[in-house]
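Visitor: See upload_32.cif below, with mmCIF, C-alpha atoms.
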```
data_coords
#
loop_
_atom_site.label_atom_id
_atom_site.label_comp_id
_atom_site.auth_asym_id
_atom_site.auth_seq_id
_atom_site.Cartn_x
_atom_site.Cartn_y
_atom_site.Cartn_z
CA MET A 1 -39.84 59.52 -10.25
CA SER A 2 -38.73 62.09 -7.70
CA GLN A 3 -40.00 62.05 -4.13
CA THR A 4 -41.82 65.34 -4.81
CA GLU A 5 -43.71 63.84 -7.77
CA PHE A 6 -44.68 60.83 -5.70
CA LEU A 7 -45.85 62.70 -2.59
CA TYR A 8 -47.61 65.61 -4.28
CA VAL A 9 -49.01 63.97 -7.42
CA GLU A 10 -48.85 60.17 -7.68
CA GLN A 11 -49.76 59.18 -4.13
CA PRO A 12 -52.80 61.50 -3.93
CA ALA A 13 -53.97 60.13 -7.30
CA LEU A 14 -53.62 56.53 -6.12
CA ASP A 15 -55.42 57.35 -2.86
CA GLN A 16 -58.33 59.01 -4.67
CA LEU A 17 -58.63 56.19 -7.18
CA GLN A 18 -58.90 53.70 -4.31
CA VAL A 19 -61.58 55.78 -2.60
CA ASN A 20 -63.49 55.75 -5.87
CA GLY A 21 -63.48 51.98 -6.27
CA TRP A 22 -60.11 51.00 -7.77
CA SER A 23 -57.98 48.36 -6.08
CA TYR A 24 -54.24 49.06 -5.83
CA GLN A 25 -51.16 46.96 -6.41
CA ASP A 26 -47.47 47.84 -6.53
CA GLY A 27 -46.18 46.90 -9.98
CA ARG A 28 -42.91 45.62 -8.53
CA GLU A 29 -44.89 42.79 -6.93
CA LEU A 30 -45.95 41.68 -10.43
CA ALA A 31 -42.47 41.42 -11.90
CA PRO A 32 -41.70 38.01 -13.50
CA ASP A 33 -39.03 37.22 -10.91
CA THR A 34 -41.36 37.86 -7.95
CA SER A 35 -44.74 36.51 -9.13
CA ASN A 36 -46.38 34.21 -11.65
CA ILE A 37 -48.73 36.93 -12.97
CA ARG A 38 -46.37 37.92 -15.79
CA SER A 39 -44.09 35.53 -17.63
CA SER A 40 -42.06 38.39 -19.10
CA LEU A 41 -41.59 42.15 -18.79
CA LYS A 42 -42.95 42.30 -22.33
CA ASP A 43 -46.41 41.31 -21.03
CA VAL A 44 -48.69 44.37 -20.93
CA ILE A 45 -51.87 42.41 -20.15
CA LEU A 46 -52.62 40.67 -16.84
CA THR A 47 -53.61 37.46 -18.58
CA SER A 48 -54.96 35.55 -15.59
CA ASN A 49 -57.07 38.56 -14.56
CA LEU A 50 -58.44 38.78 -18.11
CA GLU A 51 -59.30 35.06 -18.20
CA GLN A 52 -61.03 35.19 -14.81
CA SER A 53 -63.01 38.28 -15.83
CA ILE A 54 -64.19 36.76 -19.11
CA LYS A 55 -65.32 33.62 -17.23
CA ARG A 56 -67.09 35.70 -14.59
CA ILE A 57 -68.97 37.81 -17.17
CA ASN A 58 -69.61 34.87 -19.54
CA PRO A 59 -69.84 31.82 -17.23
CA TRP A 60 -70.99 29.54 -20.07
CA ILE A 61 -67.87 29.99 -22.21
CA SER A 62 -65.84 26.89 -23.11
CA ASP A 63 -62.12 26.62 -22.41
CA GLU A 64 -61.47 26.44 -26.14
CA ASN A 65 -63.31 29.68 -26.90
CA LEU A 66 -61.74 31.37 -23.89
CA ARG A 67 -58.25 30.51 -25.13
CA LYS A 68 -59.10 31.74 -28.62
CA ILE A 69 -60.37 35.12 -27.42
CA VAL A 70 -57.44 35.69 -25.07
CA ARG A 71 -55.03 34.76 -27.87
CA ASP A 72 -56.69 37.22 -30.26
CA ILE A 73 -56.46 39.99 -27.66
CA ILE A 74 -52.82 39.36 -26.77
CA VAL A 75 -51.69 39.26 -30.41
CA ILE A 76 -53.84 41.77 -32.30
CA GLN A 77 -53.46 41.11 -36.02
CA THR A 78 -53.20 44.67 -37.37
CA SER A 79 -50.38 46.69 -38.87
CA THR A 80 -50.65 50.07 -37.09
CA LEU A 81 -51.23 51.37 -33.57
CA MET A 82 -54.48 53.09 -34.56
CA GLU A 83 -55.84 49.97 -36.28
CA ALA A 84 -55.04 47.85 -33.22
CA ASN A 85 -56.57 50.42 -30.88
CA GLN A 86 -59.78 50.68 -32.90
CA TRP A 87 -60.05 46.90 -33.22
CA LEU A 88 -59.79 46.48 -29.45
CA TRP A 89 -62.26 49.30 -28.74
CA GLU A 90 -64.76 47.68 -31.10
CA ARG A 91 -64.38 44.38 -29.22
CA LEU A 92 -64.91 46.21 -25.90
CA THR A 93 -68.08 47.95 -27.04
CA GLN A 94 -69.50 45.64 -29.73
CA TYR A 95 -68.19 42.38 -28.30
CA PHE A 96 -66.85 39.10 -29.67
CA SER A 97 -68.88 36.37 -31.33
CA VAL A 98 -67.99 32.70 -30.92
CA GLU A 99 -69.57 29.44 -32.06
CA GLN A 100 -70.74 27.33 -29.13
CA ASP A 101 -73.56 24.94 -28.25
CA LEU A 102 -75.45 26.08 -25.14
CA GLY A 103 -78.08 23.34 -25.44
CA LYS A 104 -79.91 24.42 -28.61
CA GLY A 105 -77.32 23.54 -31.21
CA ARG A 106 -74.08 25.22 -32.20
CA ARG A 107 -74.68 28.90 -32.93
CA GLY A 108 -73.11 32.32 -32.51
CA GLN A 109 -72.81 33.55 -28.93
CA THR A 110 -71.82 37.01 -27.70
CA VAL A 111 -68.78 37.30 -25.43
CA LYS A 112 -68.25 40.48 -23.40
CA LEU A 113 -64.88 41.65 -22.09
CA ILE A 114 -66.53 44.30 -19.91
CA ASP A 115 -69.88 44.17 -18.17
CA PHE A 116 -71.22 47.66 -18.87
CA ASP A 117 -74.59 46.87 -17.27
CA ASN A 118 -73.23 45.67 -13.92
CA ILE A 119 -70.23 47.81 -12.98
CA GLN A 120 -69.45 45.68 -9.91
CA ASN A 121 -68.92 42.63 -12.12
CA ASN A 122 -65.64 44.11 -13.39
CA GLU A 123 -62.18 44.36 -11.86
CA PHE A 124 -60.64 47.84 -11.55
CA LEU A 125 -56.96 47.87 -10.67
CA CYS A 126 -54.53 50.81 -10.53
CA ILE A 127 -50.85 49.87 -10.60
CA ASN A 128 -47.73 52.00 -10.29
CA GLN A 129 -44.11 51.03 -11.01
CA PHE A 130 -45.24 48.57 -13.69
CA LYS A 131 -42.04 48.01 -15.66
CA ILE A 132 -42.45 47.08 -19.33
CA GLN A 133 -39.77 45.96 -21.75
CA GLY A 134 -39.86 47.89 -25.01
CA ALA A 135 -37.97 47.21 -28.23
CA ILE A 136 -34.90 49.13 -27.06
CA GLN A 137 -35.42 50.14 -23.44
CA ASN A 138 -37.73 49.60 -20.49
CA ILE A 139 -40.50 52.04 -19.61
CA ILE A 140 -42.20 52.55 -16.24
CA PRO A 141 -45.42 54.56 -16.56
CA ASP A 142 -46.39 56.21 -13.28
CA ILE A 143 -49.90 54.72 -13.08
CA ILE A 144 -51.64 52.21 -15.34
CA LEU A 145 -55.38 51.61 -15.04
CA PHE A 146 -56.35 47.98 -15.68
CA VAL A 147 -59.95 46.93 -16.24
CA ASN A 148 -60.38 43.15 -16.27
CA GLY A 149 -56.65 42.78 -16.88
CA LEU A 150 -56.53 45.19 -19.83
CA PRO A 151 -54.42 48.39 -19.56
CA LEU A 152 -57.07 50.93 -20.57
CA GLY A 153 -55.52 54.07 -19.06
CA VAL A 154 -52.06 55.53 -18.48
CA ILE A 155 -51.37 58.45 -16.12
CA GLU A 156 -48.08 60.34 -16.14
CA CYS A 157 -47.40 62.38 -12.98
CA LYS A 158 -44.99 65.33 -12.94
CA SER A 159 -43.82 67.62 -10.17
CA PRO A 160 -45.71 70.93 -10.11
CA TYR A 161 -42.40 72.65 -9.45
CA ILE A 162 -40.50 71.80 -12.65
CA THR A 163 -40.51 73.95 -15.79
CA ASP A 164 -43.57 73.24 -17.96
CA PRO A 165 -44.62 70.00 -16.26
CA MET A 166 -47.66 69.52 -18.53
CA GLU A 167 -45.56 69.52 -21.69
CA ALA A 168 -43.09 67.14 -20.02
CA GLY A 169 -45.88 64.72 -19.09
CA ILE A 170 -47.49 64.70 -22.53
CA ASN A 171 -44.09 64.32 -24.17
CA GLN A 172 -43.42 61.32 -21.92
CA LEU A 173 -46.75 59.69 -22.81
CA ARG A 174 -46.07 60.14 -26.51
CA ARG A 175 -42.61 58.67 -26.06
CA TYR A 176 -44.05 55.62 -24.31
CA ALA A 177 -46.44 55.06 -27.25
CA ASN A 178 -43.74 55.60 -29.92
CA LEU A 179 -45.65 58.63 -31.17
CA ARG A 180 -42.86 61.16 -30.64
CA ASN A 181 -40.19 59.66 -32.89
CA PRO A 182 -41.64 56.37 -34.21
CA GLU A 183 -38.46 55.43 -36.04
CA ASN A 184 -36.53 55.32 -32.74
CA ASN A 185 -38.73 52.64 -31.08
CA GLU A 186 -38.20 54.45 -27.79
CA GLY A 187 -41.31 53.16 -26.00
CA CYS A 188 -43.64 50.17 -25.98
CA GLN A 189 -46.35 50.64 -28.57
CA LYS A 190 -48.15 47.45 -27.60
CA LEU A 191 -49.23 48.93 -24.26
CA PHE A 192 -51.27 51.49 -26.21
CA HIS A 193 -53.07 48.95 -28.38
CA TYR A 194 -55.50 48.81 -25.45
CA ASN A 195 -55.40 52.41 -24.29
CA GLN A 196 -58.56 54.51 -23.95
CA VAL A 197 -57.22 57.58 -22.14
CA MET A 198 -53.79 59.16 -21.73
CA ILE A 199 -53.55 61.57 -18.81
CA SER A 200 -50.81 64.03 -17.91
CA THR A 201 -51.02 65.63 -14.48
CA HIS A 202 -48.96 67.80 -12.17
CA ARG A 203 -51.72 68.16 -9.56
CA ASP A 204 -52.58 71.79 -10.33
CA CYS A 205 -53.42 70.93 -13.93
CA ALA A 206 -54.49 67.57 -15.34
CA ARG A 207 -55.34 66.96 -19.00
CA VAL A 208 -56.61 63.97 -20.94
CA GLY A 209 -56.10 62.91 -24.55
CA THR A 210 -56.09 59.83 -26.77
CA ILE A 211 -53.44 58.06 -28.83
CA SER A 212 -54.03 60.51 -31.70
CA SER A 213 -53.95 63.70 -29.58
CA SER A 214 -51.26 66.29 -30.14
CA TYR A 215 -50.36 68.64 -27.28
CA GLU A 216 -53.15 71.16 -27.97
CA TYR A 217 -55.82 68.44 -27.86
CA TYR A 218 -54.99 67.34 -24.33
CA LEU A 219 -57.78 69.08 -22.41
CA GLU A 220 -58.74 69.65 -18.80
CA TRP A 221 -61.79 67.94 -17.28
CA LYS A 222 -63.16 70.92 -15.37
CA ASP A 223 -66.36 69.53 -13.87
CA PRO A 224 -66.67 66.42 -11.64
CA PHE A 225 -70.34 65.97 -12.68
CA PRO A 226 -72.43 64.32 -11.36
CA THR A 227 -70.47 65.10 -8.20
CA GLU A 228 -70.61 68.73 -7.06
CA LYS A 229 -67.24 70.44 -6.71
CA ILE A 230 -68.02 71.35 -3.11
CA GLU A 231 -68.08 67.64 -2.25
CA LEU A 232 -64.36 67.45 -3.07
CA GLY A 233 -63.49 69.99 -0.39
CA GLU A 234 -62.46 73.60 -0.59
CA ASN A 235 -60.75 74.54 -3.87
CA PRO A 236 -60.18 71.05 -5.33
CA ASN A 237 -57.28 70.92 -7.76
CA SER A 238 -57.45 69.92 -11.42
CA GLN A 239 -56.22 66.39 -10.73
CA GLN A 240 -58.92 65.75 -8.13
CA ILE A 241 -61.64 67.03 -10.47
CA LEU A 242 -60.45 64.89 -13.39
CA ILE A 243 -60.24 61.70 -11.33
CA GLU A 244 -63.68 62.30 -9.82
CA GLY A 245 -65.37 63.22 -13.09
CA LEU A 246 -63.62 60.91 -15.54
CA LEU A 247 -62.07 57.97 -13.70
CA LYS A 248 -64.77 56.78 -11.33
CA PRO A 249 -65.49 53.27 -12.63
CA LYS A 250 -69.02 54.11 -13.82
CA GLN A 251 -67.93 57.26 -15.66
CA PHE A 252 -64.80 55.62 -17.07
CA LEU A 253 -66.78 52.77 -18.63
CA ASP A 254 -69.39 55.22 -19.87
CA ILE A 255 -66.69 57.23 -21.65
CA ILE A 256 -65.39 54.07 -23.32
CA GLN A 257 -68.80 52.78 -24.37
CA ASN A 258 -70.72 55.92 -25.29
CA PHE A 259 -68.37 58.88 -25.53
CA THR A 260 -65.62 57.64 -27.85
CA ILE A 261 -65.56 57.88 -31.63
CA PHE A 262 -63.07 57.27 -34.44
CA GLU A 263 -63.31 59.78 -37.30
CA VAL A 264 -61.39 60.06 -40.56
CA GLU A 265 -60.08 63.57 -41.20
CA ASP A 266 -57.98 64.31 -44.29
CA GLY A 267 -57.32 60.60 -44.74
CA ARG A 268 -56.15 60.12 -41.14
CA THR A 269 -58.09 58.33 -38.41
CA ILE A 270 -58.58 60.43 -35.28
CA LYS A 271 -59.72 58.99 -31.96
CA LYS A 272 -61.84 61.39 -29.93
CA ILE A 273 -63.43 61.26 -26.51
CA ALA A 274 -65.99 63.69 -25.13
CA ARG A 275 -65.04 66.93 -23.48
CA TYR A 276 -66.46 67.45 -20.02
CA GLN A 277 -69.11 69.88 -21.36
CA GLN A 278 -70.35 67.28 -23.87
CA PHE A 279 -70.40 64.55 -21.23
CA ARG A 280 -72.36 66.74 -18.82
CA ALA A 281 -74.83 67.93 -21.49
CA VAL A 282 -75.63 64.40 -22.63
CA GLN A 283 -76.08 63.09 -19.09
CA LYS A 284 -78.41 65.97 -18.18
CA THR A 285 -80.40 65.44 -21.38
CA ILE A 286 -80.90 61.75 -20.56
CA LEU A 287 -82.03 62.65 -17.04
CA ARG A 288 -84.50 65.16 -18.47
CA LEU A 289 -85.90 62.67 -20.98
CA LYS A 290 -86.43 60.03 -18.30
CA ALA A 291 -87.80 62.36 -15.63
CA PRO A 292 -91.42 61.84 -14.58
CA GLY A 293 -94.02 64.29 -15.80
CA ASP A 294 -95.63 65.54 -18.99
CA ARG A 295 -93.58 65.19 -22.18
CA LYS A 296 -94.05 68.92 -22.86
CA GLN A 297 -91.97 69.64 -19.76
CA LYS A 298 -89.01 67.64 -21.02
CA GLY A 299 -87.65 70.09 -23.59
CA GLY A 300 -84.49 72.07 -23.15
CA VAL A 301 -81.62 73.90 -24.79
CA ILE A 302 -77.92 73.03 -24.99
CA TRP A 303 -75.91 76.09 -25.96
CA HIS A 304 -72.80 75.48 -28.04
CA THR A 305 -70.25 78.05 -29.11
CA GLN A 306 -68.69 77.79 -32.56
CA GLY A 307 -66.26 74.87 -32.84
CA SER A 308 -67.27 73.33 -29.51
CA GLY A 309 -68.39 69.99 -30.95
CA LYS A 310 -72.14 70.19 -31.66
CA SER A 311 -72.10 67.19 -33.99
CA LEU A 312 -70.17 65.00 -31.56
CA THR A 313 -72.50 65.92 -28.70
CA MET A 314 -75.42 64.69 -30.79
CA VAL A 315 -73.60 61.45 -31.66
CA PHE A 316 -72.76 60.79 -28.01
CA LEU A 317 -76.38 61.51 -27.04
CA THR A 318 -77.63 59.11 -29.71
CA GLN A 319 -75.30 56.35 -28.51
CA LYS A 320 -76.56 56.80 -24.94
CA ILE A 321 -80.19 56.75 -26.06
CA ARG A 322 -79.68 53.67 -28.22
CA ARG A 323 -78.35 51.71 -25.24
CA ASP A 324 -80.98 52.84 -22.75
CA PRO A 325 -83.83 50.29 -22.55
CA LEU A 326 -86.35 53.05 -21.76
CA LEU A 327 -85.34 55.20 -24.73
CA SER A 328 -83.90 52.85 -27.34
CA ASP A 329 -87.08 52.57 -29.44
CA TYR A 330 -87.30 56.27 -30.19
CA LYS A 331 -86.37 57.72 -33.56
CA LEU A 332 -84.17 60.82 -33.51
CA VAL A 333 -84.68 63.66 -35.96
CA PHE A 334 -82.05 66.37 -36.37
CA LEU A 335 -82.94 69.68 -38.03
CA THR A 336 -80.17 71.98 -39.23
CA ASP A 337 -80.20 75.43 -40.77
CA ARG A 338 -76.94 75.25 -42.75
CA THR A 339 -75.88 72.95 -45.58
CA GLN A 340 -72.37 72.66 -44.17
CA LEU A 341 -73.67 71.62 -40.74
CA ASP A 342 -76.08 69.15 -42.34
CA LYS A 343 -73.23 67.47 -44.21
CA GLN A 344 -70.98 67.48 -41.16
CA LEU A 345 -73.64 65.95 -38.93
CA THR A 346 -74.49 63.25 -41.48
CA ASN A 347 -70.84 62.25 -41.96
CA THR A 348 -70.19 62.22 -38.22
CA PHE A 349 -73.18 59.96 -37.58
CA ARG A 350 -72.15 57.56 -40.30
CA GLY A 351 -68.86 57.07 -38.46
CA ALA A 352 -70.68 56.17 -35.24
CA GLN A 353 -71.45 52.71 -33.91
CA GLY A 354 -73.83 50.91 -36.25
CA GLU A 355 -76.25 53.78 -36.79
CA THR A 356 -78.65 53.87 -39.75
CA VAL A 357 -78.58 57.45 -41.01
CA LEU A 358 -81.17 58.77 -43.45
CA ASN A 359 -80.34 62.20 -44.81
CA ALA A 360 -83.16 64.26 -46.35
CA LYS A 361 -82.06 66.32 -49.35
CA SER A 362 -84.92 68.81 -49.10
CA VAL A 363 -87.48 70.20 -46.67
CA SER A 364 -90.34 68.25 -48.26
CA GLU A 365 -88.38 64.98 -48.20
#
```
For the structure just supplied, provide its representation as structure tokens.

Guide:
Amino acid sequence: MSQTEFLYVEQPALDQLQVNGWSYQDGRELAPDTSNIRSSLKDVILTSNLEQSIKRINPWISDENLRKIVRDIIVIQTSTLMEANQWLWERLTQYFSVEQDLGKGRRGQTVKLIDFDNIQNNEFLCINQFKIQGAIQNIIPDIILFVNGLPLGVIECKSPYITDPMEAGINQLRRYANLRNPENNEGCQKLFHYNQVMISTHRDCARVGTISSSYEYYLEWKDPFPTEKIELGENPNSQQILIEGLLKPKQFLDIIQNFTIFEVEDGRTIKKIARYQQFRAVQKTILRLKAPGDRKQKGGVIWHTQGSGKSLTMVFLTQKIRRDPLLSDYKLVFLTDRTQLDKQLTNTFRGAQGETVLNAKSVSE
């Protein structure tokens, strides 16, 4: 990384992440020859951090079950990057189950890797200069975001003064994940088994995508909601807005738990996260539903343009409602005025997390 990239892009990102609740560590301090955190440059997980976090969130867990879960996470038994990524995401959001006797006989117990209910019970660590040994060469992503020892985010920082820095950053991320030329093994695919967001930034523009995103599907996060833009100072840049709106610990975990979906399109699995408009609309809807006052005052309208993701907004809203103790008992009814939209909405919901979807074939039904 050039000095310009560090001073104008990476350092401000690290500073803002720390202000927002992330701890910082220089990756060079975690190298195998300088610490006992990693036994090899091939390690992409901070194993001791993961073990400590699992124990903290699940204090009852036995050493045997702890070892089993950590082993399953380190060596994910799937054949493709997407399969591994979806498997891990399902474990993050729908948890593990282990057999253990807690005093009432041996029975299934739920083990959480992340405490979504108590944000402070998790460890958030941003690390730069974290060298990783790939199949052919080493890679050094600019910033990796670790939650409880798992590398859930990767940020690539480029100088705002080079030609097409956004394309260069996205191309670099895809190279790291072996998505650019898979046959060349030019990156370290294992790092992205755990990845939830891939971010390319050059300060004046910052975009986020997932492991299945092509260039055009890396999108800006243009609203720091629930923070007002004015709170970020005069004319905040794109990088500041994205970090504030997407990477604050509470928002980041919310995106992982409630605003992520895997859909099959033309036989290919696509991983999608919410756009900032969808995230904002769902959050405002939840606030409206839970606001005091007469139920008649709690209506509202969300205006979508064509192709802006109506179905996904409804899925994300449903997932938020299902997990809210004040709203989870409600039944949701969706009315559509087009057969195509009805089919699309039904299929999208059936790909969501454990939802029972009943589709009426007629008005009377």

Visitor: Quick one: which region 56-172 of chain A residues come within 10 Å of region 231-251 of chain A, and what is the nearest atom pair for each with the distance in Å to one decimal, counting all atoms listed in the file, rows ordered by chain and ascending number, as JSON lines?

Guide:
```
{"residue": "A:Phe116", "atom": "CA", "partner": "A:Lys250", "partner_atom": "CA", "distance": 8.5}
{"residue": "A:Asp117", "atom": "CA", "partner": "A:Lys250", "partner_atom": "CA", "distance": 9.8}
{"residue": "A:Asn118", "atom": "CA", "partner": "A:Lys250", "partner_atom": "CA", "distance": 9.4}
{"residue": "A:Ile119", "atom": "CA", "partner": "A:Lys250", "partner_atom": "CA", "distance": 6.5}
{"residue": "A:Gln120", "atom": "CA", "partner": "A:Pro249", "partner_atom": "CA", "distance": 9.0}
{"residue": "A:Asn122", "atom": "CA", "partner": "A:Pro249", "partner_atom": "CA", "distance": 9.2}
{"residue": "A:Glu123", "atom": "CA", "partner": "A:Pro249", "partner_atom": "CA", "distance": 9.5}
{"residue": "A:Phe124", "atom": "CA", "partner": "A:Pro249", "partner_atom": "CA", "distance": 7.4}
{"residue": "A:Leu145", "atom": "CA", "partner": "A:Leu247", "partner_atom": "CA", "distance": 9.3}
{"residue": "A:Val147", "atom": "CA", "partner": "A:Pro249", "partner_atom": "CA", "distance": 9.2}
{"residue": "A:Gly153", "atom": "CA", "partner": "A:Leu247", "partner_atom": "CA", "distance": 9.3}
{"residue": "A:Cys157", "atom": "CA", "partner": "A:Gln239", "partner_atom": "CA", "distance": 9.9}
```

Visitor: Kindly indicate which residue among A:Ile256, A:Ala291, A:Val197, A:Ile321 lies nearest to Thr93 (chain A), using all atoms listed in the file for the distances.

Guide: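 Closest to Thr93 (chain A) of all the choices is A:Ile256.
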
Visitor: Mind checking which residues fall within 10 Å of Pro12 (chain A), counting all atoms listed in the file, ignoring those fewer than 5 positions away in the same chain, and posting them as an NGL selection string?

Guide: :A and (6-7 or 17-18 or 203 or 239-240)

Visitor: Go ahead and save the residues from that selection, with C-alpha atoms, as a PDB file, keeping the file's coordinate frame.

Guide:
```pdb
ATOM      1  CA  PHE A   6     -44.680  60.830  -5.700  1.00  0.00           C
ATOM      2  CA  LEU A   7     -45.850  62.700  -2.590  1.00  0.00           C
ATOM      3  CA  LEU A  17     -58.630  56.190  -7.180  1.00  0.00           C
ATOM      4  CA  GLN A  18     -58.900  53.700  -4.310  1.00  0.00           C
ATOM      5  CA  ARG A 203     -51.720  68.160  -9.560  1.00  0.00           C
ATOM      6  CA  GLN A 239     -56.220  66.390 -10.730  1.00  0.00           C
ATOM      7  CA  GLN A 240     -58.920  65.750  -8.130  1.00  0.00           C
TER       8      GLN A 240
END
```

Visitor: For Lys112 (chain A), which residue out of A:Arg67, A:Lys55, A:Arg207, A:Arg174 is the nearest one, using only C-alpha atoms?

Guide: A:Lys55

Visitor: For the atom pair CA of Lys158 (chain A) and CA of Val44 (chain A), what is the interatomic distance in Å to one decimal place?

Guide: 22.7 Å

Visitor: Taking the file as I've supplied it (selection: the PyMOL selection byres ((chain A and resi 322) around 12)), which residues are included? Please answer as a ChimeraX atom specification.

Guide: /A:257-258,286,315-321,323-332,352-356

Visitor: Would you write out, as JSON lines, a table of all residues in region 120-146 of chain A that have an atom no more than 10 Å from an atom of region 24-33 of chain A, listing for each the closest atom pair and the distance in Å to one decimal, considering all atoms listed in the file and ordering rows by chain and rising residue number?

Guide:
```
{"residue": "A:Phe124", "atom": "CA", "partner": "A:Tyr24", "partner_atom": "CA", "distance": 8.7}
{"residue": "A:Leu125", "atom": "CA", "partner": "A:Tyr24", "partner_atom": "CA", "distance": 5.7}
{"residue": "A:Cys126", "atom": "CA", "partner": "A:Tyr24", "partner_atom": "CA", "distance": 5.0}
{"residue": "A:Ile127", "atom": "CA", "partner": "A:Gln25", "partner_atom": "CA", "distance": 5.1}
{"residue": "A:Asn128", "atom": "CA", "partner": "A:Gly27", "partner_atom": "CA", "distance": 5.3}
{"residue": "A:Gln129", "atom": "CA", "partner": "A:Gly27", "partner_atom": "CA", "distance": 4.7}
{"residue": "A:Phe130", "atom": "CA", "partner": "A:Gly27", "partner_atom": "CA", "distance": 4.2}
{"residue": "A:Lys131", "atom": "CA", "partner": "A:Gly27", "partner_atom": "CA", "distance": 7.1}
{"residue": "A:Ile132", "atom": "CA", "partner": "A:Ala31", "partner_atom": "CA", "distance": 9.3}
{"residue": "A:Ile140", "atom": "CA", "partner": "A:Gly27", "partner_atom": "CA", "distance": 9.3}
{"residue": "A:Asp142", "atom": "CA", "partner": "A:Gly27", "partner_atom": "CA", "distance": 9.9}
{"residue": "A:Ile143", "atom": "CA", "partner": "A:Gly27", "partner_atom": "CA", "distance": 9.2}
{"residue": "A:Ile144", "atom": "CA", "partner": "A:Gly27", "partner_atom": "CA", "distance": 9.3}
{"residue": "A:Leu145", "atom": "CA", "partner": "A:Tyr24", "partner_atom": "CA", "distance": 9.6}
```

Visitor: Work out how far apart CA of Gly21 (chain A) and CA of Glu90 (chain A) are and give it in Å to one decimal.

Guide: 25.2 Å

Visitor: I'd like the interatomic distance between CA of Asp204 (chain A) and CA of Phe252 (chain A), to a tenth of an Å.

Guide: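 Interatomic distance, CA of Asp204 (chain A) to CA of Phe252 (chain A): 21.4 Å.
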
Visitor: Applied to this file, what does the PyMOL selection byres ((chain A and resi 282) around 12) return in terms of residues, put as number ranges by chain?

Guide: A: 225-226, 254-255, 258-259, 274-281, 283-289, 300-302, 310, 312-321

Visitor: So that I can check the surroundings of Thr47 (chain A), please list as a PyMOL selection string every protein, DNA and RNA residue that reaches within 8 Å of it, counting all atoms listed in the file and ignoring chain neighbours fewer than 2 positions away.

Guide: chain A and resi 37-38+45+49-51+70+149

Visitor: Which is closer to Met198 (chain A) than all the others in A:Ser308, A:Asn359, A:Gln172, A:Gln3, using all atoms listed in the file?

Guide: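 With all atoms listed in the file as the atom set, the closest residue is A:Gln172.
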
Visitor: When distances are computed from only C-alpha atoms, which of A:Met166, A:Leu66, A:Leu102, A:Leu41 shows the smallest separation from Cys205 (chain A)?

Guide: A:Met166

Visitor: For each of A:Leu253, A:Ile211, A:Ile230, A:Ile273, take the minimum atom-to-atom distance to Tyr194 (chain A), counting only C-alpha atoms, then give the residue where this is smallest.

Guide: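 Of all the options, A:Ile211 lies closest to Tyr194 (chain A).
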
Visitor: Under the PyMOL selection byres ((chain A and resi 188-191) around 8), which residues of this model are included? Write them out as a list in words.

Guide: Val44, Leu81, Ile132, Gln133, Gly134, Ala135, Ile139, Pro151, Tyr176, Ala177, Asn178, Asn185, Glu186, Gly187, Phe192, His193, Tyr194 and Asn195 of chain A

Visitor: Save out the residues we just selected, C-alpha atoms, as an mmCIF file, in the frame of the given file.

Guide:
```
data_model
loop_
_atom_site.group_PDB
_atom_site.id
_atom_site.type_symbol
_atom_site.label_atom_id
_atom_site.label_comp_id
_atom_site.auth_asym_id
_atom_site.auth_seq_id
_atom_site.Cartn_x
_atom_site.Cartn_y
_atom_site.Cartn_z
ATOM 1 C CA VAL A 44 -48.690 44.370 -20.930
ATOM 2 C CA LEU A 81 -51.230 51.370 -33.570
ATOM 3 C CA ILE A 132 -42.450 47.080 -19.330
ATOM 4 C CA GLN A 133 -39.770 45.960 -21.750
ATOM 5 C CA GLY A 134 -39.860 47.890 -25.010
ATOM 6 C CA ALA A 135 -37.970 47.210 -28.230
ATOM 7 C CA ILE A 139 -40.500 52.040 -19.610
ATOM 8 C CA PRO A 151 -54.420 48.390 -19.560
ATOM 9 C CA TYR A 176 -44.050 55.620 -24.310
ATOM 10 C CA ALA A 177 -46.440 55.060 -27.250
ATOM 11 C CA ASN A 178 -43.740 55.600 -29.920
ATOM 12 C CA ASN A 185 -38.730 52.640 -31.080
ATOM 13 C CA GLU A 186 -38.200 54.450 -27.790
ATOM 14 C CA GLY A 187 -41.310 53.160 -26.000
ATOM 15 C CA PHE A 192 -51.270 51.490 -26.210
ATOM 16 C CA HIS A 193 -53.070 48.950 -28.380
ATOM 17 C CA TYR A 194 -55.500 48.810 -25.450
ATOM 18 C CA ASN A 195 -55.400 52.410 -24.290
#
```

Visitor: Take every atom of region 258-276 of chain A listed in the file, fit an axis-aligned box around them, add 8 Å per side, and give the centre and edge lengths in Å to one decimal as JSON.

Guide:
```
{"center_x": -63.4, "center_y": 61.7, "center_z": -32.4, "size_x": 30.6, "size_y": 27.5, "size_z": 40.7}
```

Visitor: Skip Gln109 (chain A) itself and residues of its chain fewer than 6 positions away, then list as a list in words all residues within 7 Å of it, counting all atoms listed in the file.

Guide: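 Result of the neighbour search: Ser97, Val98, Glu99 and Gln100 of chain A.
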
Visitor: Name the residues in contact with Gln344 (chain A) at a cut-off of 12 Å, using only C-alpha atoms, excluding same-chain residues fewer than 2 positions from it; report them as a ChimeraX atom specification.

Guide: /A:263,265,309-312,314-315,336,338-342,346-351,359

Visitor: Considering only C-alpha atoms, can you say which of A:Val111, A:Val19, A:Val264, A:Val154 comes closest to Ser62 (chain A)?

Guide: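 Between A:Val111, A:Val19, A:Val264, A:Val154, the residue approaching Ser62 (chain A) most closely is A:Val111.
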